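Student: Just so it is clear, I am handing over input.txt, which has compact mmCIF, C-alpha atoms.
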```txt
# COMPACT_ATOMS: atom_id res chain seq x y z
CA MET A 1 -20.82 16.51 29.44
CA GLU A 2 -19.13 13.13 29.90
CA SER A 3 -18.35 12.06 33.44
CA SER A 4 -14.81 11.16 34.51
CA GLU A 5 -15.89 7.51 34.83
CA THR A 6 -17.25 7.54 31.29
CA LEU A 7 -14.04 9.03 29.94
CA ARG A 8 -12.01 6.44 31.84
CA ASN A 9 -13.75 3.61 29.96
CA LYS A 10 -13.46 5.28 26.55
CA CYS A 11 -10.83 4.13 24.04
CA ALA A 12 -8.41 7.00 23.37
CA ALA A 13 -8.01 5.87 19.75
CA CYS A 14 -11.36 4.83 18.25
CA TYR A 15 -13.48 6.50 20.98
CA ARG A 16 -15.47 3.34 21.57
CA GLN A 17 -17.21 3.41 24.95
CA PHE A 18 -17.18 0.47 27.39
CA ASN A 19 -19.29 -0.17 30.48
CA LYS A 20 -16.39 -1.62 32.42
CA LEU A 21 -12.70 -0.77 32.51
CA GLU A 22 -11.74 -4.42 32.13
CA HIS A 23 -13.56 -4.48 28.79
CA LEU A 24 -11.54 -1.48 27.60
CA VAL A 25 -8.32 -3.29 28.56
CA GLU A 26 -9.36 -6.35 26.55
CA HIS A 27 -10.22 -4.11 23.61
CA MET A 28 -6.78 -2.49 23.70
CA LYS A 29 -5.07 -5.89 23.79
CA ILE A 30 -6.63 -6.98 20.49
CA SER A 31 -7.20 -3.71 18.61
CA TYR A 32 -3.52 -2.89 17.94
CA HIS A 33 -4.25 0.84 17.86
CA SER A 34 -1.23 2.98 17.07
CA GLY A 35 -0.12 6.28 15.60
CA HIS A 36 0.17 4.53 12.23
CA GLU A 37 -3.59 4.26 11.74
CA PRO A 38 -5.43 6.76 9.49
CA THR A 39 -6.57 9.54 11.83
CA CYS A 40 -9.19 12.27 11.54
CA GLY A 41 -7.50 15.66 11.37
CA VAL A 42 -10.39 17.23 13.28
CA CYS A 43 -11.33 15.00 16.23
CA LYS A 44 -8.20 12.76 16.10
CA LYS A 45 -10.25 9.55 15.95
CA HIS A 46 -8.23 6.54 14.73
CA CYS A 47 -9.71 4.55 11.84
CA ARG A 48 -8.63 1.14 10.63
CA SER A 49 -8.53 2.18 6.97
CA PHE A 50 -8.81 5.25 4.77
CA GLU A 51 -12.22 4.02 3.69
CA SER A 52 -13.32 4.10 7.34
CA LEU A 53 -11.88 7.60 7.65
CA ARG A 54 -13.75 8.69 4.52
CA GLU A 55 -17.00 7.33 5.96
CA HIS A 56 -16.32 9.18 9.22
CA LEU A 57 -15.86 12.46 7.34
CA ILE A 58 -18.25 12.30 4.39
CA GLY A 59 -20.14 9.01 4.64
CA PRO A 60 -23.89 8.50 5.09
CA LEU A 61 -23.62 9.12 8.84
CA PRO A 62 -20.56 11.35 9.34
CA LYS A 63 -19.62 13.17 12.50
CA GLN A 64 -21.19 16.55 11.73
CA GLU A 65 -18.48 18.78 13.19
CA CYS A 66 -15.78 16.88 11.31
CA LYS A 67 -17.82 16.94 8.09
CA ASN A 68 -18.31 20.71 8.30
CA ILE A 69 -14.60 21.41 8.75
CA PHE A 70 -13.62 18.84 6.13
CA SER A 71 -15.95 20.40 3.57
CA LEU A 72 -14.04 23.68 3.97
CA ARG A 73 -10.45 22.55 4.50
CA GLY A 74 -10.20 18.83 3.70
CA CYS A 75 -8.42 17.24 0.73
CA ARG A 76 -10.87 14.90 -0.97
CA PHE A 77 -8.01 12.74 -2.24
CA CYS A 78 -5.84 12.03 0.82
CA MET A 79 -8.33 13.13 3.54
CA THR A 80 -5.86 15.59 5.09
CA ILE A 81 -7.21 18.68 6.89
CA LEU A 82 -5.41 21.85 5.76
CA GLU A 83 -5.05 25.19 7.57
CA SER A 84 -7.37 27.14 5.26
CA PRO A 85 -9.54 26.74 2.13
CA ASN A 86 -6.76 28.36 0.10
CA SER A 87 -4.21 25.91 1.50
CA ARG A 88 -6.53 23.09 0.51
CA ARG A 89 -6.80 24.40 -3.06
CA ILE A 90 -3.02 24.54 -3.44
CA HIS A 91 -2.58 21.14 -1.78
CA GLN A 92 -5.16 19.40 -3.96
CA GLU A 93 -3.48 20.67 -7.11
CA ARG A 94 -0.31 18.92 -6.00
CA CYS A 95 -1.77 15.94 -4.15
CA GLN A 96 -0.36 12.75 -5.60
CA PHE A 97 -3.72 11.03 -5.29
CA SER A 98 -5.25 13.55 -7.72
CA SER A 99 -2.85 13.03 -10.59
CA VAL A 100 -2.52 9.27 -11.03
CA ASN A 101 -4.05 9.29 -14.50
CA SER A 102 -3.02 12.76 -15.67
CA GLY A 103 -1.03 12.66 -18.88
CA LEU A 104 -0.74 8.88 -19.03
CA THR A 105 -2.27 8.59 -22.50
CA THR A 106 0.14 11.18 -23.88
CA ARG A 107 3.11 9.58 -22.14
CA MET A 108 2.27 6.09 -23.35
CA ALA A 109 1.84 7.40 -26.91
CA ALA A 110 5.30 8.94 -26.65
CA LEU A 111 6.66 5.67 -25.28
CA GLY A 112 5.27 3.94 -28.35
CA LEU A 113 4.84 0.66 -26.40
CA ARG A 114 8.33 -0.39 -27.47
CA ASP A 115 9.95 -3.20 -25.55
CA LYS A 116 12.70 -2.26 -23.13
CA ALA A 117 14.11 -5.70 -22.57
CA MET A 118 17.42 -4.58 -21.06
CA ILE A 119 17.70 -3.48 -17.44
CA ASP A 120 20.56 -1.03 -17.67
CA TYR A 121 20.55 0.98 -14.43
CA THR A 122 24.01 1.84 -13.16
CA SER A 123 24.68 1.44 -9.45
CA SER A 124 24.91 5.21 -8.97
CA ARG A 125 21.27 5.76 -9.91
CA SER A 126 19.83 2.32 -9.25
CA PRO A 127 16.33 2.61 -7.71
CA ARG A 128 15.62 1.29 -4.23
CA VAL A 129 11.87 0.96 -4.88
CA VAL A 130 10.26 -0.35 -8.08
CA ALA A 131 6.72 -1.18 -9.18
CA LEU A 132 5.77 -4.26 -11.21
CA SER A 133 2.64 -5.18 -13.12
CA CYS A 134 1.78 -8.04 -15.48
CA LYS A 135 -0.96 -8.62 -18.02
CA MET A 136 -2.34 -12.08 -18.58
CA VAL A 137 -3.62 -13.96 -21.59
CA GLY A 138 -5.56 -17.21 -21.29
CA GLY A 139 -4.44 -20.82 -21.54
CA GLY A 140 -6.15 -24.16 -21.17
CA SER A 141 -9.13 -25.54 -23.07
CA ASP A 142 -11.43 -22.70 -22.00
CA GLY A 143 -8.84 -19.91 -21.84
CA SER A 144 -9.32 -19.39 -18.11
CA LEU A 145 -5.75 -20.19 -17.03
CA ASP A 146 -3.76 -16.97 -16.55
CA LEU A 147 -0.50 -16.84 -18.49
CA CYS A 148 1.84 -13.85 -18.16
CA ALA A 149 2.20 -12.22 -21.57
CA ARG A 150 3.45 -8.74 -20.73
CA VAL A 151 5.38 -7.24 -17.84
CA CYS A 152 6.45 -3.74 -16.89
CA ILE A 153 8.71 -2.38 -14.14
CA THR A 154 8.95 1.34 -13.28
CA ASP A 155 10.78 3.45 -10.72
CA GLU A 156 9.48 6.13 -8.35
CA SER A 157 9.71 8.77 -11.09
CA ASP A 158 7.47 6.73 -13.44
CA ASN A 159 10.42 5.86 -15.69
CA VAL A 160 10.19 2.50 -17.44
CA ILE A 161 12.99 0.22 -16.25
CA PHE A 162 11.87 -2.95 -17.99
CA HIS A 163 9.03 -3.65 -20.40
CA THR A 164 8.55 -6.69 -22.60
CA TYR A 165 6.03 -9.08 -24.05
CA VAL A 166 6.45 -12.56 -22.65
CA LYS A 167 6.19 -15.83 -24.53
CA PRO A 168 4.23 -18.20 -22.26
CA SER A 169 5.51 -21.73 -21.70
CA MET A 170 2.22 -23.21 -22.91
CA ALA A 171 -0.18 -22.53 -25.79
CA VAL A 172 -2.36 -19.41 -25.63
CA THR A 173 -6.04 -20.13 -26.26
CA SER A 174 -7.42 -16.65 -25.48
CA TYR A 175 -5.57 -13.38 -26.04
CA ARG A 176 -8.27 -11.39 -24.16
CA TYR A 177 -7.63 -8.54 -26.57
CA GLU A 178 -10.48 -6.36 -25.22
CA THR A 179 -8.61 -5.91 -21.94
CA THR A 180 -4.99 -6.78 -22.78
CA GLY A 181 -4.56 -5.28 -26.25
CA ILE A 182 -2.29 -8.26 -26.97
CA ARG A 183 -2.31 -9.92 -30.40
CA PRO A 184 -0.63 -13.16 -31.57
CA GLU A 185 2.10 -11.20 -33.40
CA ASN A 186 3.10 -9.53 -30.10
CA LEU A 187 4.08 -12.90 -28.62
CA ARG A 188 5.51 -14.57 -31.72
CA ASP A 189 9.09 -13.46 -31.07
CA ALA A 190 8.61 -12.40 -27.45
CA MET A 191 11.12 -13.10 -24.67
CA PRO A 192 10.64 -16.58 -23.14
CA LEU A 193 9.17 -16.71 -19.64
CA LYS A 194 12.30 -18.27 -18.11
CA GLN A 195 14.49 -15.47 -19.44
CA VAL A 196 12.09 -12.80 -18.15
CA GLN A 197 12.01 -14.50 -14.77
CA ARG A 198 15.81 -14.57 -14.54
CA LYS A 199 16.21 -10.91 -15.52
CA ILE A 200 13.61 -9.71 -13.00
CA GLN A 201 14.94 -11.93 -10.20
CA GLU A 202 18.49 -10.67 -10.69
CA PHE A 203 17.33 -7.08 -10.83
CA LEU A 204 15.24 -7.31 -7.65
CA CYS A 205 17.87 -9.15 -5.62
CA ASN A 206 20.55 -6.72 -6.86
CA GLY A 207 23.43 -9.04 -6.13
CA GLU A 208 22.17 -10.35 -2.78
CA PRO A 209 21.43 -14.06 -2.22
CA MET A 210 17.77 -14.67 -1.43
CA TRP A 211 18.44 -15.95 2.08
CA LYS A 212 20.38 -12.82 2.98
CA ILE A 213 17.77 -10.26 1.86
CA ARG A 214 16.46 -8.01 4.63
CA PRO A 215 14.22 -4.88 4.62
CA ARG A 216 16.87 -2.50 5.94
CA GLY A 217 20.51 -2.03 5.14
CA GLY A 218 20.66 -4.37 2.15
CA LYS A 219 20.88 -3.87 -1.60
CA ALA A 220 17.72 -5.75 -2.63
CA ARG A 221 14.85 -3.64 -3.93
CA ILE A 222 11.43 -3.00 -2.45
CA LEU A 223 8.77 -4.30 -4.84
CA VAL A 224 5.46 -2.42 -5.16
CA GLY A 225 2.36 -3.69 -6.93
CA HIS A 226 -1.30 -4.66 -6.73
CA GLY A 227 -2.09 -8.35 -6.32
CA LEU A 228 1.60 -9.25 -6.44
CA ASP A 229 1.03 -12.80 -5.17
CA HIS A 230 -0.69 -13.59 -8.46
CA ASP A 231 1.80 -11.73 -10.66
CA LEU A 232 4.82 -13.40 -9.02
CA ASP A 233 3.13 -16.79 -9.19
CA ARG A 234 2.51 -16.39 -12.94
CA LEU A 235 6.12 -15.29 -13.40
CA GLN A 236 7.16 -18.36 -11.35
CA LEU A 237 9.26 -15.99 -9.26
CA GLU A 238 9.91 -16.02 -5.51
CA TYR A 239 10.70 -12.92 -3.48
CA PRO A 240 10.80 -12.33 0.31
CA SER A 241 7.51 -11.02 1.69
CA SER A 242 9.44 -8.48 3.79
CA MET A 243 10.38 -6.69 0.56
CA ILE A 244 6.88 -6.66 -0.98
CA ARG A 245 4.49 -3.69 -0.70
CA ASP A 246 1.14 -4.88 -2.06
CA THR A 247 -1.61 -2.22 -2.25
CA ALA A 248 -4.23 -5.01 -2.39
CA LYS A 249 -3.23 -6.28 1.06
CA TYR A 250 -2.13 -3.16 2.94
CA PRO A 251 -4.61 -2.64 5.84
CA PRO A 252 -5.02 1.16 5.53
CA LEU A 253 -5.95 0.73 1.84
CA MET A 254 -8.36 -2.15 2.37
CA LYS A 255 -12.09 -1.87 2.58
CA THR A 256 -13.85 -1.68 5.94
CA SER A 257 -15.00 -5.26 5.41
CA LYS A 258 -11.29 -6.19 5.27
CA LEU A 259 -11.77 -7.62 1.79
CA SER A 260 -9.02 -6.81 -0.67
CA ASN A 261 -9.47 -3.46 -2.37
CA SER A 262 -9.20 -2.80 -6.07
CA LEU A 263 -7.00 -0.03 -7.40
CA LYS A 264 -8.31 3.43 -6.71
CA TYR A 265 -8.69 5.84 -9.62
CA ASP A 266 -9.96 3.35 -12.21
CA VAL A 267 -6.84 2.41 -14.09
CA HIS A 268 -8.69 -0.75 -15.15
CA PHE A 269 -10.85 0.71 -17.88
CA GLY A 270 -10.86 -0.81 -21.37
CA ILE A 271 -7.43 -2.08 -22.40
CA GLN A 272 -5.36 -2.47 -19.25
CA ASP A 273 -1.81 -1.22 -19.53
CA PRO A 274 0.78 -2.50 -17.04
CA TYR A 275 2.59 0.86 -17.11
CA GLU A 276 -0.51 2.67 -15.85
CA ASP A 277 -0.91 0.10 -13.08
CA CYS A 278 2.73 0.56 -12.06
CA VAL A 279 2.26 4.33 -11.88
CA ALA A 280 -0.96 4.04 -9.86
CA THR A 281 0.45 1.60 -7.32
CA MET A 282 3.67 3.57 -6.95
CA ARG A 283 1.68 6.76 -6.28
CA LEU A 284 -0.34 4.98 -3.59
CA TYR A 285 2.82 3.54 -2.06
CA THR A 286 4.56 6.93 -2.09
CA ARG A 287 1.60 8.59 -0.35
CA MET A 288 1.65 5.92 2.37
CA ARG A 289 5.43 6.01 2.72
CA TYR A 290 5.69 9.75 3.29
CA GLN A 291 3.03 10.03 5.97
CA LYS A 292 4.38 11.70 9.07
CA HIS A 293 3.98 9.33 12.00
CA LYS A 294 5.51 9.26 15.44
CA ILE A 295 8.87 7.48 15.41
CA GLU A 296 8.96 4.50 17.78
CA ALA A 297 11.92 2.29 18.60
CA TYR A 298 9.85 -0.88 18.20
CA PRO A 299 6.73 0.01 16.19
CA LEU A 300 5.28 -3.49 15.67
CA ALA A 301 3.35 -5.56 18.18
CA ALA A 302 5.27 -8.58 16.85
CA ASP A 303 8.69 -7.07 17.67
CA ALA A 304 10.46 -9.26 20.20
CA GLN A 305 11.02 -6.30 22.49
CA ASN A 306 7.27 -5.64 22.63
CA ARG A 307 6.34 -9.29 23.09
CA SER A 308 8.61 -9.44 26.12
CA ASN A 309 6.80 -6.39 27.52
CA GLN A 310 3.36 -8.03 27.56
CA VAL A 311 3.60 -7.69 31.32
CA ALA A 312 2.37 -4.15 30.65
CA TRP A 313 -0.99 -5.64 29.67
CA ARG A 314 -1.51 -7.52 32.92
CA GLN A 315 -5.07 -6.79 33.88
CA SER A 316 -4.30 -5.35 37.31
CA GLU A 317 -1.59 -3.03 35.98
CA ALA A 318 -3.48 -1.98 32.83
CA GLU A 319 -6.54 -1.03 34.86
CA ARG A 320 -4.43 1.54 36.69
CA MET A 321 -3.59 3.23 33.39
CA SER A 322 -5.53 6.03 31.75
CA PRO A 323 -6.86 5.43 28.19
CA ASP A 324 -4.07 7.65 26.86
CA GLU A 325 -1.45 5.59 28.69
CA MET A 326 -2.90 2.39 27.26
CA LEU A 327 -2.69 3.86 23.77
CA SER A 328 0.93 4.89 24.34
CA ILE A 329 2.02 1.24 24.82
CA SER A 330 -0.19 -0.17 22.06
CA ARG A 331 1.56 -1.13 18.82
CA SER A 332 0.51 -1.80 15.23
CA ASP A 333 -0.15 -5.32 13.94
CA TYR A 334 1.07 -4.42 10.44
CA TYR A 335 4.25 -2.91 9.01
CA CYS A 336 3.56 0.73 8.21
CA TRP A 337 5.16 1.79 4.94
CA CYS A 338 6.29 5.07 6.52
CA LEU A 339 9.02 2.93 8.13
CA ASP A 340 10.62 2.49 4.70
CA SER A 341 11.62 6.14 4.89
CA LEU A 342 13.77 5.31 7.91
CA ALA A 343 15.61 2.47 6.17
```
Translate the structure described by the file into structure tokens.
Tutor:
Amino acid sequence: MESSETLRNKCAACYRQFNKLEHLVEHMKISYHSGHEPTCGVCKKHCRSFESLREHLIGPLPKQECKNIFSLRGCRFCMTILESPNSRRIHQERCQFSSVNSGLTTRMAALGLRDKAMIDYTSSRSPRVVALSCKMVGGGSDGSLDLCARVCITDESDNVIFHTYVKPSMAVTSYRYETTGIRPENLRDAMPLKQVQRKIQEFLCNGEPMWKIRPRGGKARILVGHGLDHDLDRLQLEYPSSMIRDTAKYPPLMKTSKLSNSLKYDVHFGIQDPYEDCVATMRLYTRMRYQKHKIEAYPLAADAQNRSNQVAWRQSEAERMSPDEMLSISRSDYYCWCLDSLA
């Protein structure tokens, strides 16, 4: 049985124990715990990432009580705890994490890999969120310079909005066929890079000037992808970071070591298809977006309203708070994608 003093020095989020209350206060100042962190459905422990949560539940040294319940009622894809084993079975059949690759081969065969070089969405059904992926061939004397040779954009329903081969602005010295499936004839009459860049830029901005684009209330589109910094660089395209949702850099999807993660559910096997990558990243984004988190007026630690309230973390005042009260004023240090649902 833990003493009241022990409980007073225990973080209400990650359950880390401290010898002194002042150390707990310092921990809360820099941990940025919030209701947006992945949380164990059994003991309610906050984890920095889903990988940390997975380790907590089924790793080499899991919490035994949580492991036992998870083995009966936990979804192995999204780590949610369901009400019963039967509820889990039904949930897992529908869980978006479980179906990223289902039917892709058949769907791509039906698509026939034909170019869709026109972006023809009407305003009435124009998507707010789109996924983008590129495939690179090699340039330079040793073929190590990445050149964009194929690009695909899809919507939230996995429909192809734009797909084309791209003619690089410099000579290709390696087609990397084993992973790209691209041959010289695919690029011979392909759309020039500058034209591809212009089409994508106009589509993403959706009539808004770059300087005016904002995450909420505007017409510009949210862009989803994996390693988008590299893709946009190779497309020579700029886009506001506030509109980018990159699964390689999103904290809950990163490894415990905080190194960038690779796509879950091995879409990178053999020839890499940009459509499959778009589908995979969009599924991950959708799962993150529709998490049910507590709604807060100012959810980010960086929000001006929260910065002005740093008086709440004065040592003397914070030490009079309970661990739960400290957690209630703590805010996230990253933008949770669930906030896109409120836009």
Student: Have a look at atom CA of A:Tyr335 and atom CA of A:Glu296 and let me know their distance in Å, one decimal.
Tutor: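 Atom CA of A:Glu296 lies 12.4 Å from atom CA of A:Tyr335.
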Student: As a CSV table (one decimal) with C-alpha atoms, in the coordinates of the input, please: the residues near A:Cys14 (cut-off 9 Å, all atoms listed in the file, same-chain neighbours under 6 positions excluded).
Tutor:
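Generated output (result.csv):
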```
chain,number,residue,atom,x,y,z
A,33,HIS,CA,-4.2,0.8,17.9
A,44,LYS,CA,-8.2,12.8,16.1
A,45,LYS,CA,-10.2,9.6,16.0
A,46,HIS,CA,-8.2,6.5,14.7
A,47,CYS,CA,-9.7,4.6,11.8
A,48,ARG,CA,-8.6,1.1,10.6
```
Student: Would you place a box with edges along x, y and z of the file around all atoms of stretch 81-88 of chain A listed there, add 3 Å to each of its six sides, and report the centre and edge lengths in Å to one decimal, as AutoDock Vina command-line options?
Tutor:
```
--center_x -6.9 --center_y 23.5 --center_z 3.8 --size_x 11.3 --size_y 15.7 --size_z 13.5
```
Student: Write out as a PyMOL selection string the residues lying within 12 Å of A:Ile58, counting only C-alpha atoms and excluding same-chain residues fewer than 2 positions away.
Tutor: chain A and resi 40+50-56+60-71+74-76+79
Student: I need the chosen residues saved as a PDB file, in the coordinates of the input, with C-alpha atoms.
Tutor:
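Produced file part.pdb, reproduced below:
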```pdb
ATOM      1  CA  CYS A  40      -9.190  12.270  11.540  1.00  0.00           C
ATOM      2  CA  PHE A  50      -8.810   5.250   4.770  1.00  0.00           C
ATOM      3  CA  GLU A  51     -12.220   4.020   3.690  1.00  0.00           C
ATOM      4  CA  SER A  52     -13.320   4.100   7.340  1.00  0.00           C
ATOM      5  CA  LEU A  53     -11.880   7.600   7.650  1.00  0.00           C
ATOM      6  CA  ARG A  54     -13.750   8.690   4.520  1.00  0.00           C
ATOM      7  CA  GLU A  55     -17.000   7.330   5.960  1.00  0.00           C
ATOM      8  CA  HIS A  56     -16.320   9.180   9.220  1.00  0.00           C
ATOM      9  CA  PRO A  60     -23.890   8.500   5.090  1.00  0.00           C
ATOM     10  CA  LEU A  61     -23.620   9.120   8.840  1.00  0.00           C
ATOM     11  CA  PRO A  62     -20.560  11.350   9.340  1.00  0.00           C
ATOM     12  CA  LYS A  63     -19.620  13.170  12.500  1.00  0.00           C
ATOM     13  CA  GLN A  64     -21.190  16.550  11.730  1.00  0.00           C
ATOM     14  CA  GLU A  65     -18.480  18.780  13.190  1.00  0.00           C
ATOM     15  CA  CYS A  66     -15.780  16.880  11.310  1.00  0.00           C
ATOM     16  CA  LYS A  67     -17.820  16.940   8.090  1.00  0.00           C
ATOM     17  CA  ASN A  68     -18.310  20.710   8.300  1.00  0.00           C
ATOM     18  CA  ILE A  69     -14.600  21.410   8.750  1.00  0.00           C
ATOM     19  CA  PHE A  70     -13.620  18.840   6.130  1.00  0.00           C
ATOM     20  CA  SER A  71     -15.950  20.400   3.570  1.00  0.00           C
ATOM     21  CA  GLY A  74     -10.200  18.830   3.700  1.00  0.00           C
ATOM     22  CA  CYS A  75      -8.420  17.240   0.730  1.00  0.00           C
ATOM     23  CA  ARG A  76     -10.870  14.900  -0.970  1.00  0.00           C
ATOM     24  CA  MET A  79      -8.330  13.130   3.540  1.00  0.00           C
TER      25      MET A  79
END
```
Student: If we count only C-alpha atoms and set the cut-off at 12 Å, which residues sit around A:Tyr15, ignoring sequence neighbours fewer than 4 positions away in its own chain? Please answer as a short mmCIF file (atom, residue, chain, number, x, y, z; two decimals) with C-alpha atoms, in the frame of the given file.
Tutor:
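Output below, filename selection-v2.cif:
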```cif
data_model
loop_
_atom_site.label_atom_id
_atom_site.label_comp_id
_atom_site.auth_asym_id
_atom_site.auth_seq_id
_atom_site.Cartn_x
_atom_site.Cartn_y
_atom_site.Cartn_z
CA THR A 6 -17.25 7.54 31.29
CA LEU A 7 -14.04 9.03 29.94
CA ARG A 8 -12.01 6.44 31.84
CA ASN A 9 -13.75 3.61 29.96
CA LYS A 10 -13.46 5.28 26.55
CA CYS A 11 -10.83 4.13 24.04
CA LEU A 24 -11.54 -1.48 27.60
CA HIS A 27 -10.22 -4.11 23.61
CA MET A 28 -6.78 -2.49 23.70
CA HIS A 33 -4.25 0.84 17.86
CA THR A 39 -6.57 9.54 11.83
CA CYS A 40 -9.19 12.27 11.54
CA CYS A 43 -11.33 15.00 16.23
CA LYS A 44 -8.20 12.76 16.10
CA LYS A 45 -10.25 9.55 15.95
CA HIS A 46 -8.23 6.54 14.73
CA CYS A 47 -9.71 4.55 11.84
CA PRO A 323 -6.86 5.43 28.19
CA ASP A 324 -4.07 7.65 26.86
CA LEU A 327 -2.69 3.86 23.77
#
```
Student: Considering all atoms listed in the file, state which residue in the set A:Leu284, A:Ile90, A:Leu342, A:Ile244 is at the smallest distance from A:Leu232.
Tutor: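 Ranking A:Leu284, A:Ile90, A:Leu342, A:Ile244 by distance to A:Leu232, first place goes to A:Ile244.
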Student: Which residues, written as a ChimeraX atom specification, have at least one atom at most 6 Å from stretch 188-202 of chain A, with only C-alpha atoms counted and residues fewer than 4 positions away on the same chain left out?
Tutor: /A:165-168,206
Student: I'd like to know which of A:Glu185, A:Glu325, A:Glu37, A:Asp229 is closest to A:Leu253, using all atoms listed in the file.
Tutor: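 Going through A:Glu185, A:Glu325, A:Glu37, A:Asp229 one by one, the smallest distance to A:Leu253 is for A:Glu37.
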Student: Taking into account all atoms listed in the file, which residue in the set A:Ser169, A:Ser242, A:Thr281, A:Thr247 is nearest to A:Asp155?
Tutor: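 Among the listed residues, the smallest separation from A:Asp155 belongs to A:Thr281.
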Student: Hey, which of A:Val137, A:Val172, A:Ile30, A:Val151 ends up closest to A:Glu276? Count only C-alpha atoms.
Tutor: A:Val151
Student: Tell me, in Å to one decimal, how far atom CA of A:Gly138 is from atom CA of A:Asp233.
Tutor: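 Separation between atom CA of A:Gly138 and atom CA of A:Asp233: 14.9 Å.
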Student: Using atom CA of A:Tyr275 and atom CA of A:Phe203 as the two end points, give the distance in Å to one decimal.
Tutor: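 Interatomic distance here is 17.9 Å.
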Student: Select, from A:Phe77, A:Tyr32, A:Glu319, A:Cys338, the residue with the minimum atom-to-atom distance to A:Lys20, counting all atoms listed in the file.
Tutor: A:Glu319
Student: For A:Asn186, which of A:His163, A:Ala149, A:Arg320, A:Leu204 is the closest residue, counting all atoms listed in the file?
Tutor: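 Comparing A:His163, A:Ala149, A:Arg320, A:Leu204 against A:Asn186, the winner is A:Ala149.
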Student: Counting all atoms listed in the file, what is within 10 Å of A:Lys292, bar same-chain residues fewer than 6 positions away, as a list in words?
Tutor: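 Final neighbour list, sorted by chain and number: Gly35, His36, Cys338 and Leu339 of chain A.
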Student: How about saving the chosen residues, C-alpha atoms kept, as a CSV table (one decimal), in the coordinates of the input?
Tutor:
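The resulting file, out-v4.csv, is shown below:
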```csv
chain,number,residue,atom,x,y,z
A,35,GLY,CA,-0.1,6.3,15.6
A,36,HIS,CA,0.2,4.5,12.2
A,338,CYS,CA,6.3,5.1,6.5
A,339,LEU,CA,9.0,2.9,8.1
```
Student: Given the point (9.4, 9.1, 8.1) in the file's coordinates, find the residues that have an atom at most 10 Å from it, counting all atoms listed in the file, and give them as a list in words.
Tutor: Arg289, Tyr290, Gln291, Lys292, His293, Lys294, Ile295, Trp337, Cys338, Leu339, Asp340, Ser341, Leu342 and Ala343 of chain A
Student: Store the residues picked out above in a file with C-alpha atoms, as a compact mmCIF listing (two decimals), keeping the file's coordinate frame.
Tutor:
```txt
# COMPACT_ATOMS: atom_id res chain seq x y z
CA ARG A 289 5.43 6.01 2.72
CA TYR A 290 5.69 9.75 3.29
CA GLN A 291 3.03 10.03 5.97
CA LYS A 292 4.38 11.70 9.07
CA HIS A 293 3.98 9.33 12.00
CA LYS A 294 5.51 9.26 15.44
CA ILE A 295 8.87 7.48 15.41
CA TRP A 337 5.16 1.79 4.94
CA CYS A 338 6.29 5.07 6.52
CA LEU A 339 9.02 2.93 8.13
CA ASP A 340 10.62 2.49 4.70
CA SER A 341 11.62 6.14 4.89
CA LEU A 342 13.77 5.31 7.91
CA ALA A 343 15.61 2.47 6.17
```
